[in-house]
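See structure below.
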Amino acid sequence: MRMLINVPETVVEDALRGMAAAHPELTVDVENRVIVRRDAPVAGKVGLISGGGSGHEPLHGGFVGPGMLSAACPGEVFTSPVPDQMARAASAVDSGQGVLFIVKNYTGDVLNFDMAAELAEDEGVQVAKVLVNDDVAVTDSLFTAGRRGTGATLFVEKIAGAAADAEMPLERVESIARQVNENSRSFGVALTAVTTPAKGTPTFDLPSGELELGIGIHGEPGRERRPMMTSREIADFAVDAVLVDRPPTGPVLVLVNGMGSTPLLELYGFNAEVQRVLAERGVSVARTLVGNYVTSLDMAGCSVTLCQVDEEMLRLWDAPVETPALRWGR
């Protein structure tokens with residue numbers, strides 16, 4: 001397998017050095033693996049911290065900046081960051097208003113963020129936590145107890161980030177983040193298997209001409225494997241899976257997300273089919289975002305995330321944001 005790397009052992013370190021060179025508006029601690037907005041801590045503002053295994057870029061480091069995260073902690077590829085990273089990040093961004101940990105529901109992430117919260121609280125930092133568990137494909141998997149955290153992470157980080165920038169108190173920022181997660185559902189599809197740098201070969205067997213419906217972002221199995229389907233057929237299946245689980249009663253945000261190797265030409269075509277299904281089901285679309293945002297290295301495929309929004313949530317979504325991977329309004 002051809003990869004644009006030096007050696008597998010330094011992939012994360014090399015990426016962080018490159019990120020530091022490209023984004024002087026961030027403070028990137030390569031040794032300790034903490035990415036912080038350069039102006040942190042911001043007086044009067046709740047700090048937002050997330051993190052997880054590398055390989056899902058731009059999640060989470062690409063979402064650090066005004067209007068979104070205060071800091072992010074990347075682990076090794078598909079491996080949770082360690083508690084010391086998150087505790088260090090909490091100290092770096094706490095302005096005295098407390099910090100919110102945004103945690104995807106994977107066993108390692110949950111355990112390590114829990115330990116990090118204890119460490120931070122021992123240092124006098126007030127910590128709240130929100131668990132993201134939006135994936136409707138399966139309950140319990142190789143990496144989780146309960147549902148996996150996937151595309152809704154972006155919605156939580158953006159909307160809660162705007163709430164924090166508006167200087168809302170920690171309890172309110174936490175409440176909004178929980179509401180966003182509760183209002184969100186996702187479903188993903190893999191067209192190819194993922195290849196990690198350490199292994200150098202696909203991590204699971206997905207024969208040519210087949211796809212996996214309901215895949216996880218680490219390559220976890222989904223609901224079923226089928227012969228290749230058209231974009232139209234995949235949209236029907238994925239969107240219906242989301243709508244059956246949580247029928248929206250108001251307008252929704254739509255994320256049509258690529259898994260890393262699917263080009264925008266295909267993603268925009270797929271979005272046309274997603275919008276068709278939503279229109280046929282009578283679902284009102286408030287905003288749509290299309291692109292590779294919550295990825296799985298070189299996996300080809302897509303995911304759909306819907307989040308029902310009210311006026312406040314939509315206003316926070318539209319609020320200015322300036323991060324390496326998401327920016328508007330500034």
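Chains: A, B, ... in order of the structure tokens. Residues: from 1 per chain. Ligands: from 1, in order shown.
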Can you list every residue of range 1-100 of chain A that has an atom at most 9 Å from range 306-324 of chain A, with its nearest atom pair and the distance in Å to one decimal, using only C-alpha atoms, ordered by chain then number, as a tab-separated table?
```
residue	atom	partner	partner_atom	distance
A:His23	CA	A:Pro324	CA	7.4
A:Pro58	CA	A:Pro324	CA	8.2
A:Gly61	CA	A:Pro324	CA	8.3
A:Gly62	CA	A:Pro324	CA	5.0
A:Phe63	CA	A:Thr323	CA	5.3
A:Val64	CA	A:Thr323	CA	5.5
A:Gly65	CA	A:Thr323	CA	4.7
A:Pro66	CA	A:Glu322	CA	5.3
A:Gly67	CA	A:Val321	CA	4.3
A:Met68	CA	A:Val321	CA	6.5
A:Leu69	CA	A:Thr323	CA	8.6
```
Please write the residues from the selection above to a file, keeping C-alpha atoms, as an mmCIF file, in the first residue's frame.
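Once written, again20.cif looks like this:
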```cif
data_model
loop_
_atom_site.group_PDB
_atom_site.id
_atom_site.type_symbol
_atom_site.label_atom_id
_atom_site.label_comp_id
_atom_site.auth_asym_id
_atom_site.auth_seq_id
_atom_site.Cartn_x
_atom_site.Cartn_y
_atom_site.Cartn_z
ATOM 1 C CA HIS A 23 -1.557 27.386 11.130
ATOM 2 C CA PRO A 58 -10.052 17.257 10.187
ATOM 3 C CA GLY A 61 -7.655 19.458 15.483
ATOM 4 C CA GLY A 62 -9.049 21.041 12.341
ATOM 5 C CA PHE A 63 -11.931 22.446 14.381
ATOM 6 C CA VAL A 64 -9.854 24.423 16.903
ATOM 7 C CA GLY A 65 -10.366 28.169 16.725
ATOM 8 C CA PRO A 66 -12.839 31.012 17.334
ATOM 9 C CA GLY A 67 -16.413 29.776 17.239
ATOM 10 C CA MET A 68 -15.566 26.140 17.829
ATOM 11 C CA LEU A 69 -13.058 24.212 19.989
#
```
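Within range 223-261 of chain A, the backbone-based DSSP assignment of alpha helix (DSSP H) covers A:Ser231, A:Arg232, A:Glu233, A:Ile234, A:Ala235, A:Asp236, A:Phe237, A:Ala238, A:Val239, A:Asp240, A:Ala241, A:Val242, A:Leu243, A:Val244, A:Asp245.
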Subject >> Residue neighbourhood Arg33 in chain A, 7 Å, only C-alpha atoms, exclusion window fewer than 4 positions, as a ChimeraX atom specification >> reply: /A:29,73-74,85
All residues 12 Å or closer to Leu264 in chain A, only C-alpha atoms, same chain fewer than 5 positions away omitted, as a PDB file with N, CA and C atoms, in the first residue's frame:
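The file below, part-v7.pdb, is the result:
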```
ATOM      1  N   VAL A 256     -23.526  15.762   4.830  1.00  0.00           N
ATOM      2  CA  VAL A 256     -23.152  14.677   3.919  1.00  0.00           C
ATOM      3  C   VAL A 256     -21.638  14.612   3.962  1.00  0.00           C
ATOM      4  N   ASN A 257     -21.134  13.591   4.597  1.00  0.00           N
ATOM      5  CA  ASN A 257     -19.730  13.497   4.973  1.00  0.00           C
ATOM      6  C   ASN A 257     -19.012  12.395   4.198  1.00  0.00           C
ATOM      7  N   GLY A 258     -17.825  12.700   3.737  1.00  0.00           N
ATOM      8  CA  GLY A 258     -16.989  11.689   3.098  1.00  0.00           C
ATOM      9  C   GLY A 258     -16.096  11.002   4.108  1.00  0.00           C
ATOM     10  N   MET A 259     -15.783   9.738   3.858  1.00  0.00           N
ATOM     11  CA  MET A 259     -14.974   8.965   4.809  1.00  0.00           C
ATOM     12  C   MET A 259     -13.472   9.083   4.571  1.00  0.00           C
ATOM     13  N   GLY A 269     -23.080  14.622  -5.701  1.00  0.00           N
ATOM     14  CA  GLY A 269     -24.097  13.803  -6.338  1.00  0.00           C
ATOM     15  C   GLY A 269     -24.912  13.025  -5.331  1.00  0.00           C
ATOM     16  N   PHE A 270     -24.224  12.520  -4.314  1.00  0.00           N
ATOM     17  CA  PHE A 270     -24.930  11.804  -3.249  1.00  0.00           C
ATOM     18  C   PHE A 270     -25.832  12.759  -2.466  1.00  0.00           C
ATOM     19  N   ASN A 271     -25.351  13.981  -2.232  1.00  0.00           N
ATOM     20  CA  ASN A 271     -26.182  14.956  -1.535  1.00  0.00           C
ATOM     21  C   ASN A 271     -27.475  15.236  -2.297  1.00  0.00           C
ATOM     22  N   LEU A 289     -24.175  20.826   4.787  1.00  0.00           N
ATOM     23  CA  LEU A 289     -22.713  20.860   4.713  1.00  0.00           C
ATOM     24  C   LEU A 289     -22.254  19.584   4.030  1.00  0.00           C
ATOM     25  N   VAL A 290     -21.409  19.728   3.002  1.00  0.00           N
ATOM     26  CA  VAL A 290     -20.925  18.581   2.232  1.00  0.00           C
ATOM     27  C   VAL A 290     -19.404  18.596   2.212  1.00  0.00           C
ATOM     28  N   GLY A 291     -18.779  17.475   2.539  1.00  0.00           N
ATOM     29  CA  GLY A 291     -17.319  17.390   2.470  1.00  0.00           C
ATOM     30  C   GLY A 291     -16.775  16.301   3.361  1.00  0.00           C
ATOM     31  N   ASN A 292     -15.451  16.197   3.406  1.00  0.00           N
ATOM     32  CA  ASN A 292     -14.762  15.215   4.256  1.00  0.00           C
ATOM     33  C   ASN A 292     -14.446  15.876   5.597  1.00  0.00           C
ATOM     34  N   TYR A 293     -15.229  15.573   6.603  1.00  0.00           N
ATOM     35  CA  TYR A 293     -15.087  16.208   7.912  1.00  0.00           C
ATOM     36  C   TYR A 293     -14.815  15.219   9.045  1.00  0.00           C
ATOM     37  N   ALA A 300     -13.135   4.754   1.383  1.00  0.00           N
ATOM     38  CA  ALA A 300     -14.118   5.344   0.481  1.00  0.00           C
ATOM     39  C   ALA A 300     -15.499   5.045   1.039  1.00  0.00           C
ATOM     40  N   GLY A 301     -16.350   6.050   1.018  1.00  0.00           N
ATOM     41  CA  GLY A 301     -17.694   5.875   1.548  1.00  0.00           C
ATOM     42  C   GLY A 301     -18.257   7.200   1.978  1.00  0.00           C
ATOM     43  N   CYS A 302     -19.332   7.172   2.733  1.00  0.00           N
ATOM     44  CA  CYS A 302     -20.026   8.401   3.116  1.00  0.00           C
ATOM     45  C   CYS A 302     -20.850   8.155   4.363  1.00  0.00           C
TER      46      CYS A 302
END
```
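Put simply, CA of Thr107 in chain A is 20.3 Å away from CA of Leu297 in chain A.
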**OP:** In Å, rounded to a single decimal, give me how far CA of Phe113 in chain A is from CA of Gly222 in chain A.
**Re:**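 Value for the CA of Gly222 in chain A-CA of Phe113 in chain A distance: 26.1 Å.
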Original post:
Smallest atom-to-atom distance to Glu174 in chain A: which of A:Ala72, A:Met3, A:Leu131, A:Val239, using only C-alpha atoms?
Top reply: A:Leu131
Original post:
What's the 9 Å shell around Asp94 in chain A, counting only C-alpha atoms, without same-chain residues fewer than 5 positions away, as number ranges by chain?
Top reply: A: 40-43, 45-47, 89, 99, 125-126
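Atom to atom, CA of Arg147 in chain A and CA of Asp135 in chain A stand 5.7 Å apart.
Shell of Ala164 in chain A at 9 Å, with only C-alpha atoms counted and residues fewer than 2 places along the chain excluded, is A:Lys45, A:Val46, A:Gly47, A:Leu48, A:Gly67, A:Met68, A:Ile159, A:Ala160, A:Gly161, A:Ala162, A:Ala166, A:Glu167, A:Met168, A:Pro169, A:Leu170, A:Arg172, A:Val173.
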**OP:** Select, from A:Arg276, A:Thr230, A:Pro197, A:Asp236, the residue with the minimum atom-to-atom distance to Leu4 in chain A, counting only C-alpha atoms.
**Re:**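 Between A:Arg276, A:Thr230, A:Pro197, A:Asp236, the residue approaching Leu4 in chain A most closely is A:Pro197.
Here the question is which of A:Thr139, A:Ser231, A:Thr305, A:Asn112 gets nearest to Phe155 in chain A using only C-alpha atoms, and that residue is A:Thr305.
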Original post:
Leaving out Ala71 in chain A and any residue of its chain fewer than 4 positions from it, which residues lie within 6 Å of it when counting only C-alpha atoms, given as number ranges by chain?
Top reply: A: 35-36, 49, 64
Would you write out those residues with C-alpha atoms, as a PDB file, in the first residue's frame?
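File result-v7.pdb, as written:
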```
ATOM      1  CA  ILE A  35      -3.598  21.730  19.876  1.00  0.00           C
ATOM      2  CA  VAL A  36      -4.809  25.015  21.406  1.00  0.00           C
ATOM      3  CA  ILE A  49     -12.068  20.431  24.478  1.00  0.00           C
ATOM      4  CA  VAL A  64      -9.854  24.423  16.903  1.00  0.00           C
TER       5      VAL A  64
END
```
